[in-house]
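Everything below belongs to run_8.txt, which stores compact mmCIF, C-alpha atoms.
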# COMPACT_ATOMS: atom_id res chain seq x y z
CA GLU K 214 80.99 71.90 79.12
CA PHE K 215 84.29 73.58 79.94
CA ASP K 216 85.82 76.97 80.64
CA MET K 217 88.62 78.52 78.62
CA LEU K 218 91.16 81.04 79.90
CA ILE K 219 93.46 82.87 77.48
CA LEU K 220 96.78 84.54 78.26
CA ASP K 221 98.00 86.38 75.16
CA MET K 222 101.62 87.43 75.59
CA GLY K 223 102.04 88.23 71.91
CA ALA K 224 100.59 90.95 69.73
CA GLY K 225 96.97 90.26 70.67
CA THR K 226 96.24 87.83 67.83
CA LEU K 227 94.08 85.70 70.15
CA ALA K 228 91.84 88.65 71.02
CA PRO K 229 88.92 87.49 68.78
CA LEU K 230 88.66 84.31 70.86
CA GLN K 231 87.54 86.25 73.93
CA ASN K 232 84.06 86.39 72.40
CA LEU K 233 83.70 82.61 72.43
CA PRO K 234 81.00 81.48 74.88
CA HIS K 235 83.56 79.13 76.44
CA VAL K 236 85.94 81.91 77.47
CA SER K 237 85.69 83.16 81.04
CA SER K 238 88.70 85.49 80.79
CA TYR K 239 91.08 86.91 78.20
CA VAL K 240 94.27 88.72 79.23
CA GLY K 241 96.13 90.42 76.42
CA PRO K 242 98.68 93.18 75.88
CA GLY K 243 98.06 96.82 76.65
CA GLU K 244 97.76 99.14 79.63
CA GLY K 245 97.88 97.32 82.93
CA ALA K 246 98.95 94.08 81.21
CA LYS K 247 101.48 93.05 83.88
CA GLU K 248 98.93 93.42 86.64
CA ARG K 249 96.37 91.34 84.71
CA GLN K 250 98.98 88.73 83.87
CA THR K 251 99.87 88.43 87.54
CA ARG K 252 96.22 88.07 88.49
CA PHE K 253 95.82 85.42 85.76
CA LEU K 254 98.63 83.29 87.17
CA ARG K 255 97.44 83.75 90.72
CA HIS K 256 93.92 82.70 89.74
CA LEU K 257 95.32 79.48 88.32
CA MET K 258 97.30 78.92 91.54
CA VAL K 259 94.21 79.37 93.69
CA GLU K 260 92.14 77.16 91.39
CA LEU K 261 94.72 74.37 91.50
CA ASP K 262 94.81 74.47 95.31
CA ARG K 263 91.01 74.51 95.48
CA ARG K 264 90.77 71.45 93.23
CA ARG K 265 93.36 69.62 95.27
CA SER K 266 91.24 70.07 98.38
CA ASN K 267 88.04 69.16 96.50
CA PRO K 268 88.85 67.19 93.33
CA PHE K 269 85.27 66.16 92.52
CA GLY K 270 82.61 67.94 90.47
CA ASN K 271 84.88 70.56 88.91
CA ARG K 272 84.43 71.86 85.38
CA ARG K 273 87.22 71.19 82.94
CA ILE K 274 89.47 74.17 82.21
CA VAL K 275 91.49 74.73 79.05
CA VAL K 276 94.20 77.39 79.33
CA LEU K 277 95.71 78.91 76.18
CA VAL K 278 99.05 80.68 76.53
CA ASP K 279 100.47 82.37 73.45
CA GLY K 280 104.13 83.34 73.91
CA PHE K 281 105.62 81.26 76.71
CA GLY K 282 109.06 82.78 76.07
CA THR K 283 107.70 86.26 76.78
CA LEU K 284 105.90 85.00 79.87
CA LYS K 285 109.15 83.51 81.15
CA ASP K 286 111.03 86.74 80.50
CA GLU K 287 108.39 88.86 82.24
CA PHE K 288 108.34 86.77 85.41
CA SER K 289 111.97 85.69 85.66
CA GLU K 290 112.99 88.63 87.81
CA TYR K 291 113.04 88.35 91.59
CA THR K 292 109.50 89.60 92.09
CA GLY K 293 107.95 87.10 89.67
CA THR K 294 109.78 83.83 90.21
CA ASP K 295 107.10 82.55 92.60
CA TYR K 296 104.45 82.97 89.92
CA LEU K 297 106.61 81.30 87.29
CA SER K 298 107.30 78.32 89.57
CA ALA K 299 103.58 78.05 90.30
CA PHE K 300 102.84 78.02 86.58
CA TYR K 301 105.20 75.10 86.10
CA ARG K 302 103.42 73.27 88.90
CA ILE K 303 100.03 73.96 87.30
CA TYR K 304 101.34 72.74 83.94
CA SER K 305 102.49 69.42 85.41
CA ASP K 306 99.81 68.74 88.05
CA GLY K 307 96.82 70.43 86.45
CA PRO K 308 95.71 67.72 83.97
CA ALA K 309 94.95 65.25 86.78
CA LEU K 310 92.57 67.88 88.21
CA GLY K 311 90.94 68.91 84.95
CA MET K 312 93.23 71.86 84.14
CA HIS K 313 94.88 71.57 80.71
CA ILE K 314 97.34 74.00 79.14
CA ALA K 315 98.15 74.48 75.45
CA MET K 316 100.86 77.04 74.81
CA THR K 317 103.19 78.32 72.13
CA SER K 318 106.83 79.35 72.21
CA SER K 319 109.07 80.82 69.54
CA ARG K 320 112.20 79.67 71.42
CA ILE K 321 112.34 75.94 71.86
CA LYS K 322 115.66 76.15 73.72
CA GLY K 323 114.03 78.26 76.38
CA ILE K 324 111.51 75.60 77.40
CA PRO K 325 112.56 74.24 80.81
CA SER K 326 112.67 70.51 81.40
CA VAL K 327 109.97 70.79 84.06
CA VAL K 328 107.62 71.73 81.21
CA ASP K 329 109.09 69.68 78.37
CA ASP K 330 109.22 66.43 80.35
CA VAL K 331 105.49 66.40 81.08
CA SER K 332 104.28 67.65 77.70
CA LEU K 333 102.30 64.86 76.06
CA GLN K 334 102.11 66.57 72.66
CA ARG K 335 104.68 68.75 70.92
CA TRP K 336 103.93 70.28 67.56
CA LEU K 337 107.08 71.71 66.00
CA PHE K 338 106.49 74.28 63.28
CA HIS K 339 109.23 76.00 61.27
CA LEU K 340 112.20 76.66 63.58
CA ALA K 341 114.89 79.23 62.86
CA ASP K 342 117.67 76.70 63.54
CA PRO K 343 117.13 73.27 61.89
CA TYR K 344 119.43 71.73 64.50
CA ASP K 345 116.75 72.31 67.14
CA TYR K 346 114.67 69.50 65.61
CA SER K 347 117.39 66.95 66.42
CA GLY K 348 116.61 67.11 70.13
CA TYR K 349 113.36 65.31 69.27
CA LYS K 350 114.98 62.94 66.74
CA ILE K 351 113.51 64.79 63.79
CA ARG K 352 115.88 64.92 60.84
CA GLY K 353 116.06 65.20 57.08
CA THR K 354 112.76 64.94 55.25
CA ASP K 355 110.87 64.74 58.55
CA ILE K 356 111.58 68.43 59.13
CA PRO K 357 108.46 70.35 58.05
CA ALA K 358 108.63 72.73 55.12
CA PRO K 359 108.84 76.44 56.01
CA VAL K 360 105.17 76.93 55.23
CA PRO K 361 102.85 78.70 57.70
CA GLY K 362 100.69 76.06 59.36
CA ARG K 363 102.98 73.08 58.60
CA CYS K 364 104.27 71.18 61.63
CA VAL K 365 105.49 67.78 62.82
CA GLU K 366 104.29 65.89 65.91
CA SER K 367 107.38 64.90 67.90
CA SER K 368 106.28 61.51 69.24
CA THR K 369 104.97 60.05 65.96
CA ILE K 370 107.16 62.12 63.59
CA ARG K 371 103.98 62.69 61.61
CA GLN K 372 103.65 65.86 59.57
CA MET K 373 100.45 67.88 59.73
CA HIS K 374 99.03 71.09 58.41
CA VAL K 375 96.82 73.12 60.72
CA ALA K 376 93.44 74.10 59.29
CA THR K 377 92.32 77.71 59.45
CA PRO K 378 88.76 79.01 59.01
CA VAL K 379 88.06 80.18 55.49
CA LEU K 380 85.92 83.00 56.83
CA GLY K 381 88.62 84.18 59.21
CA THR K 382 88.83 83.85 62.97
CA GLU K 383 86.35 86.59 63.86
CA SER K 384 83.66 85.19 61.55
CA ALA K 385 84.29 81.69 62.87
CA VAL K 386 83.82 82.95 66.42
CA LYS K 387 80.52 84.55 65.41
CA GLN K 388 79.35 81.24 63.98
CA VAL K 389 80.11 79.54 67.27
CA GLN K 390 78.19 82.25 69.10
CA GLN K 391 75.21 81.77 66.79
CA ARG K 392 75.26 78.03 67.40
CA TRP K 393 75.69 78.01 71.16
CA GLY K 394 74.53 81.47 72.17
CA GLU K 395 76.36 83.95 74.36
CA ALA K 396 77.20 82.60 77.81
CA ASP K 397 76.96 85.14 80.62
CA LYS K 398 80.30 84.34 82.24
CA PRO K 399 81.81 86.87 84.63
CA ASP K 400 85.47 87.69 84.12
CA VAL K 401 87.19 85.45 86.66
CA ILE K 402 90.42 87.47 86.48
CA GLY K 403 89.20 91.04 86.78
CA GLN K 404 91.41 94.05 87.43
CA LEU K 405 91.92 96.22 90.45
CA PRO K 406 90.61 99.70 89.53
CA SER K 407 92.89 102.68 89.93
CA LEU K 408 89.99 104.82 91.17
CA VAL K 409 87.02 103.78 93.33
CA PRO K 410 84.46 106.60 93.67
CA LEU K 411 82.34 106.28 96.79
CA SER K 412 79.11 105.91 94.79
CA THR K 413 80.49 102.82 93.00
CA LEU K 414 81.46 100.98 96.19
CA ALA K 415 78.90 98.24 96.77
CA ALA K 416 78.96 98.61 100.54
CA GLN K 417 77.97 101.12 103.19
CA PRO K 418 78.84 101.64 106.85
CA GLU K 419 77.19 99.55 109.55
CA ILE K 420 76.76 101.11 112.98
CA THR K 421 75.60 99.01 115.90
CA HIS K 422 75.89 99.21 119.69
CA ASP K 423 79.21 97.38 119.84
CA ARG K 424 80.75 97.64 116.37
CA TRP K 425 81.27 99.99 113.45
CA VAL K 426 82.04 98.58 109.99
CA ILE K 427 83.41 101.23 107.62
CA PRO K 428 84.08 100.28 103.95
CA VAL K 429 87.37 101.79 102.78
CA GLY K 430 88.07 100.26 99.35
CA ILE K 431 88.30 97.27 97.03
CA ALA K 432 90.49 94.33 98.05
CA GLU K 433 93.02 93.26 95.45
CA HIS K 434 92.74 89.49 95.97
CA ASN K 435 88.98 89.16 95.34
CA LEU K 436 87.91 92.62 94.08
CA GLN K 437 85.30 92.83 96.86
CA PRO K 438 84.75 95.71 99.30
CA VAL K 439 87.06 95.71 102.32
CA SER K 440 86.19 97.44 105.57
CA LEU K 441 87.61 98.63 108.87
CA GLU K 442 86.03 97.12 111.97
CA LEU K 443 85.98 99.24 115.11
CA TYR K 444 84.69 97.85 118.38
CA GLU K 445 83.93 99.89 121.49
CA GLY K 446 86.91 102.01 122.44
CA GLU K 447 88.82 101.33 119.20
CA HIS K 448 90.04 103.86 116.66
CA ALA K 449 91.75 103.81 113.25
CA LEU K 450 94.83 105.37 111.69
CA ILE K 451 95.44 106.20 108.02
CA GLY K 452 99.12 106.53 107.18
CA GLY K 453 100.51 107.84 103.94
CA SER K 454 103.08 110.16 102.44
CA PRO K 455 102.01 113.46 100.83
CA ARG K 456 99.68 112.95 97.83
CA SER K 457 99.19 109.26 98.64
CA GLY K 458 95.42 109.78 98.97
CA LYS K 459 95.04 109.70 102.76
CA SER K 460 93.01 112.93 102.99
CA SER K 461 90.78 111.77 100.15
CA LEU K 462 90.16 108.50 101.97
CA LEU K 463 89.40 110.38 105.17
CA GLN K 464 86.85 112.54 103.33
CA ALA K 465 85.27 109.52 101.64
CA ILE K 466 84.86 107.80 105.02
CA GLY K 467 83.09 110.89 106.35
CA ASP K 468 80.90 111.12 103.25
CA SER K 469 79.86 107.48 103.62
CA VAL K 470 78.60 108.08 107.17
CA VAL K 471 76.75 111.23 106.04
CA ARG K 472 75.03 109.21 103.31
CA LEU K 473 74.06 106.55 105.82
CA ARG K 474 72.51 109.28 107.96
CA GLU K 475 70.55 110.61 104.98
CA GLN K 476 69.14 107.13 104.41
CA HIS K 477 68.19 106.81 108.09
CA PRO K 478 67.20 110.31 109.26
CA GLN K 479 65.52 108.90 112.37
CA GLY K 480 68.72 107.28 113.58
CA VAL K 481 70.66 104.03 113.10
CA ASN K 482 69.80 100.91 115.11
CA GLY K 483 68.25 102.99 117.85
CA LEU K 484 71.49 104.92 118.43
CA GLY K 485 70.44 108.29 117.11
CA THR K 486 71.65 110.25 114.10
CA PRO K 487 75.40 109.79 113.37
CA GLN K 488 77.53 112.92 113.37
CA VAL K 489 80.78 113.62 111.50
CA TRP K 490 83.15 116.13 113.09
CA VAL K 491 86.52 117.20 111.70
CA ILE K 492 89.77 118.47 113.17
CA CYS K 493 92.29 119.60 110.58
CA GLY K 494 94.80 122.21 109.53
CA ARG K 495 94.19 125.06 107.12
CA ARG K 496 95.73 123.17 104.21
CA SER K 497 93.47 120.14 104.55
CA PRO K 498 90.90 119.52 101.77
CA LEU K 499 88.43 118.63 104.53
CA LEU K 500 88.36 122.25 105.72
CA ASN K 501 85.80 123.38 103.14
CA HIS K 502 83.73 120.21 103.16
CA PRO K 503 80.23 120.49 104.67
CA PHE K 504 80.63 118.16 107.63
CA ASP K 505 78.70 118.79 110.85
CA ARG K 506 81.51 120.56 112.73
CA ILE K 507 85.05 121.60 111.83
CA ALA K 508 87.75 122.83 114.19
CA THR K 509 91.17 124.19 113.22
CA LYS K 510 92.31 126.31 116.20
CA PRO K 511 93.41 124.93 119.59
CA GLU K 512 90.55 126.62 121.45
CA GLN K 513 88.03 125.26 118.93
CA ILE K 514 89.52 121.78 119.27
CA ASP K 515 89.24 121.85 123.07
CA VAL K 516 85.57 122.83 122.90
CA MET K 517 84.86 120.18 120.26
CA ILE K 518 86.54 117.43 122.28
CA SER K 519 84.63 118.47 125.39
CA ASP K 520 81.35 118.26 123.45
CA ALA K 521 82.35 114.90 121.95
CA GLY K 522 82.69 113.44 125.42
CA MET K 523 79.05 114.35 126.16
CA THR K 524 77.51 113.12 122.88
CA THR K 525 74.45 110.88 123.02
CA ALA K 526 74.59 109.88 119.35
CA PRO K 527 77.19 107.98 117.27
CA LEU K 528 80.10 110.29 116.48
CA LEU K 529 82.87 109.87 113.90
CA LEU K 530 85.77 112.25 114.56
CA LEU K 531 88.08 112.70 111.56
CA ILE K 532 91.51 114.19 112.24
CA ASP K 533 93.66 115.13 109.23
CA ASP K 534 97.40 115.81 109.45
CA ALA K 535 97.17 114.37 112.95
CA GLU K 536 100.86 114.74 113.73
CA ARG K 537 100.51 118.52 113.41
CA ILE K 538 97.46 118.96 115.64
CA ASP K 539 98.34 120.78 118.85
CA ASP K 540 97.01 118.90 121.87
CA SER K 541 98.78 120.82 124.62
CA LYS K 542 95.91 120.25 127.08
CA ASN K 543 95.77 116.50 126.24
CA SER K 544 92.09 116.77 125.41
CA ILE K 545 92.35 114.48 122.36
CA LYS K 546 94.49 112.06 124.33
CA SER K 547 91.84 111.93 127.07
CA LEU K 548 89.12 111.26 124.50
CA VAL K 549 91.06 108.43 122.84
CA GLU K 550 91.98 106.83 126.16
CA GLY K 551 88.62 107.40 127.83
CA ASP K 552 85.44 105.34 127.94
CA TYR K 553 83.33 106.88 125.19
CA PRO K 554 81.58 103.97 123.41
CA LEU K 555 79.75 106.18 120.91
CA VAL K 556 82.90 107.94 119.66
CA HIS K 557 85.38 106.59 117.12
CA VAL K 558 88.40 108.53 115.88
CA VAL K 559 89.89 108.06 112.41
CA ALA K 560 93.16 109.99 112.12
CA ALA K 561 95.46 110.49 109.13
CA GLY K 562 99.15 111.35 109.15
CA LYS K 563 102.63 110.71 107.79
CA PRO K 564 104.14 107.38 108.89
CA ASP K 565 107.68 108.77 109.06
CA GLU K 566 106.63 111.20 111.77
CA ILE K 567 104.10 108.96 113.49
CA ARG K 568 106.71 106.26 114.14
CA THR K 569 108.82 108.66 116.23
CA MET K 570 105.97 110.04 118.37
CA TYR K 571 106.16 107.94 121.52
CA SER K 572 104.18 110.25 123.81
CA HIS K 573 101.70 111.53 121.23
CA TRP K 574 97.98 110.64 121.44
CA LEU K 575 98.41 108.77 118.13
CA LYS K 576 100.22 106.07 120.09
CA ASP K 577 96.88 105.21 121.71
CA VAL K 578 95.14 105.18 118.32
CA ARG K 579 97.75 102.72 117.06
CA LYS K 580 96.92 100.25 119.84
CA SER K 581 93.79 99.17 117.96
CA ARG K 582 96.05 97.91 115.13
CA THR K 583 93.41 99.01 112.64
CA GLY K 584 93.75 101.39 109.72
CA VAL K 585 95.19 101.88 106.24
CA LEU K 586 98.76 102.31 104.99
CA LEU K 587 98.81 104.00 101.57
CA GLN K 588 101.88 103.62 99.35
CA PRO K 589 103.81 102.39 102.38
CA ASN K 590 107.50 101.91 102.92
CA VAL K 591 107.37 98.14 103.35
CA ASP K 592 110.54 98.12 105.43
CA TYR K 593 109.33 100.46 108.17
CA ASP K 594 105.65 101.47 107.99
CA GLY K 595 104.34 98.11 109.17
CA ASP K 596 105.84 98.94 112.57
CA ILE K 597 102.98 101.38 113.13
CA PHE K 598 100.61 98.43 113.56
CA SER K 599 103.27 95.94 114.72
CA ILE K 600 102.94 93.92 111.50
CA THR K 601 105.27 92.91 108.67
CA LEU K 602 104.18 94.13 105.24
CA PRO K 603 104.73 91.92 102.17
CA ARG K 604 107.94 92.84 100.40
CA ARG K 605 106.37 92.23 97.00
CA SER K 606 103.11 93.57 95.66
CA PRO K 607 101.28 91.94 92.73
CA VAL K 608 100.19 95.41 91.55
CA ALA K 609 101.84 98.81 91.35
CA LEU K 610 101.21 100.83 94.51
CA THR K 611 99.89 103.95 92.82
CA THR K 612 97.94 106.75 94.51
CA GLY K 613 95.24 105.37 96.79
CA ARG K 614 96.69 101.86 96.95
CA GLY K 615 98.00 100.25 100.07
CA TYR K 616 97.19 97.85 102.88
CA VAL K 617 94.02 97.80 104.94
CA VAL K 618 94.90 96.55 108.42
CA VAL K 619 92.26 95.06 110.73
CA GLY K 620 93.33 93.50 114.00
CA GLY K 621 96.88 93.10 112.78
CA SER K 622 96.01 91.40 109.46
CA SER K 623 96.69 93.26 106.21
CA VAL K 624 94.85 93.19 102.86
CA LEU K 625 96.09 94.95 99.72
CA ALA K 626 93.41 97.30 98.38
CA GLN K 627 92.52 100.35 96.33
CA ALA K 628 91.12 102.97 98.68
CA VAL K 629 87.77 104.62 98.06
CA SER K 630 87.74 108.26 96.92
CA PRO K 631 85.10 110.99 97.26
CA ASP K 632 82.76 111.31 94.31
CA GLY K 633 84.05 113.77 91.74
CA THR K 634 87.70 112.79 92.23
CA GLU K 635 89.60 112.36 88.95

Let me see the file written as C-alpha cells.
Amino acid sequence: EFDMLILDMGAGTLAPLQNLPHVSSYVGPGEGAKERQTRFLRHLMVELDRRRSNPFGNRRIVVLVDGFGTLKDEFSEYTGTDYLSAFYRIYSDGPALGMHIAMTSSRIKGIPSVVDDVSLQRWLFHLADPYDYSGYKIRGTDIPAPVPGRCVESSTIRQMHVATPVLGTESAVKQVQQRWGEADKPDVIGQLPSLVPLSTLAAQPEITHDRWVIPVGIAEHNLQPVSLELYEGEHALIGGSPRSGKSSLLQAIGDSVVRLREQHPQGVNGLGTPQVWVICGRRSPLLNHPFDRIATKPEQIDVMISDAGMTTAPLLLLIDDAERIDDSKNSIKSLVEGDYPLVHVVAAGKPDEIRTMYSHWLKDVRKSRTGVLLQPNVDYDGDIFSITLPRRSPVALTTGRGYVVVGGSSVLAQAVSPDGTE
C-alpha cells in the first residue's frame, strides 16, 4: 500500500531492509555513493513537484534516512546546498502530499530549526551530553538510561524501549517476504553507468527522408537513451579533450549505422543502403576499423568528398581530429555548406582549438548547434554551440561523460562506446 525509500548514510546497517517488498530503492555507502545520494535527493525533489501539480491518487511514500548529520556534512558545500535546501522543503511540505520522512541523527545540535520545528515526533535516545535533553524540557529521571533501545518521546516525556526482532533483522525481512511475496519494483533511483557498450543501448538509429536520429548515450536525469537529431543540411560536432572518449563515440555512432544496415540490407525507408565513410589522421582508432571507405591523405579526401556529393544513398561521414584535417581546396567546406540532403557529417575535435577557428569548415558544422561535449570546460566550451553549460554536475564527469546538445538544449549523459571497450 506504500513505497519505501531508504538513504543509509551510516555503515550500511539498513541494508537488509532493501529486500522488503515495500522498498523501491536503497542507497547505501560504497563506490559511487555520492552520485546515488544526489540522485536520491533529486528524485524526491521531482516527486514533490509532481505531487504538487497532481495531488490526487498518489501512493504514500515513507523515506528512511539514517545519519542526517552525515547527509548535512556531505551536501553543505557549495555544490550541494541546493539539494540540502530541497530536502528541508520535502521534510516540511511532504507529509501533506503523502511523503513522510523518518530519520536519525547522532548530533542533536546539528538539526536545523527548519527541520526541528516541523517534526511531530522526536525520540531521544542516549545523548553524549545530558544537557542536550534540556532543550526539550527533559530533566532528571525523565532522561532515559544509557541502554541501547531506550528512548524518551519529547512531547509526552514518556519513556519507551524499542522492540527488536528476536530472529534478527534479516530473518524478520524474510518472514515479511514470505507473507507478502516479492514485489517486482524497479529501482526508482538507478545509477548512471560509467560504460555503455553499443549492444546494451536500447535504441538504434532512425533514418528517414527529412531526419536522422542517432542514439549517442544514456541521459543522466532519466537513464533513458538520448539521441542527436539531424535534419536536412544539418551536421554534428563532438568536442572533447584527449582521452575524453570522443573517438570512441565517433566509432560507436558509425557502428550503430552499420548494424542498422545489416538489419535492413535492402535499404532504409526506401532511401537505399546507408554508407559510413571516415576521414581521419593516422593516429585515429577509426583508421583500422572496417567502415566502407577511409581517407587519410589530402588527395584521398578530395576524391571522397567529390563522391559524397554524388551519392544516391544515405551517407554518414565521420571526421576524427577534425581540426587537423587539411582542407586546402575547401572540398569539405563545400560539402558542409552545400545542398546534399542525403549526407550528414559528424566531426570530432578539441574544443580549445575549435573555438579559435573562425574560417574553418567546422564553423559551418557548429551552426546546427547539435553535438556532444565530453568532459567540457564549463566556462568556455559551451560557446561552441552558443549555450551556457551548468556550472555544477550531479555526477563526476569521467571519461565518456558530458553534455548532449540538440538544437541548443543540453542533456548530461554517458556516451555510448563500441562493443569490446573496457

Surrounding residues of stretch 248-254 of chain K excluding itself and chain neighbours under 3 positions, 6 Å, all atoms listed in the file, as a list of chain:residue names: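 In the requested format, the answer is K:Gly245, K:Leu257, K:Ile402, K:Val608.
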
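Note that atom CA of K:Asp534 and atom CA of K:Gly562 are 4.8 Å apart.
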
Residues within 9 Å of K:Tyr239, only C-alpha atoms, excluding chain neighbours under 5 positions, as a list in words: Met217, Leu218, Ile219, Leu220, Asp221, Leu227, Ala228, Leu230, Gln231, Asp400 and Ile402 of chain K

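One distance worth recording is that between atom CA of K:Asp329 and atom CA of K:Thr226, which is 24.6 Å.
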
Surrounding residues of stretch 529-532 of chain K excluding itself and chain neighbours under 4 positions, 9 Å, only C-alpha atoms, as a short mmCIF file (atom, residue, chain, number, x, y, z; two decimals) with C-alpha atoms, keeping the file's coordinate frame:
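After the write, around_13.cif holds the following:
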data_model
loop_
_atom_site.label_atom_id
_atom_site.label_comp_id
_atom_site.auth_asym_id
_atom_site.auth_seq_id
_atom_site.Cartn_x
_atom_site.Cartn_y
_atom_site.Cartn_z
CA LEU K 463 89.40 110.38 105.17
CA GLN K 464 86.85 112.54 103.33
CA ILE K 466 84.86 107.80 105.02
CA GLY K 467 83.09 110.89 106.35
CA VAL K 470 78.60 108.08 107.17
CA PRO K 487 75.40 109.79 113.37
CA GLN K 488 77.53 112.92 113.37
CA VAL K 489 80.78 113.62 111.50
CA TRP K 490 83.15 116.13 113.09
CA VAL K 491 86.52 117.20 111.70
CA ILE K 492 89.77 118.47 113.17
CA CYS K 493 92.29 119.60 110.58
CA ALA K 521 82.35 114.90 121.95
CA ILE K 538 97.46 118.96 115.64
CA LEU K 555 79.75 106.18 120.91
CA VAL K 556 82.90 107.94 119.66
CA HIS K 557 85.38 106.59 117.12
CA VAL K 558 88.40 108.53 115.88
CA VAL K 559 89.89 108.06 112.41
CA ALA K 560 93.16 109.99 112.12
CA ALA K 561 95.46 110.49 109.13
CA GLY K 562 99.15 111.35 109.15
#

Pairwise distance for atom CA of K:Ile600 and atom CA of K:Asp552, rounded to one decimal in Å: 26.6 Å

Best match for closeness to K:Leu436 among K:Met312, K:Ala449, K:Ala376, K:Ala415, counting all atoms listed in the file: K:Ala415

Counting only C-alpha atoms, the option among K:Ser332, K:Thr524, K:Ser440, K:Ser461 closest to K:Leu499: K:Ser461

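Here the question is which of K:Pro554, K:Pro478, K:Gly243, K:Gly633 gets nearest to K:Asp423 using all atoms listed in the file, and that residue is K:Pro554.
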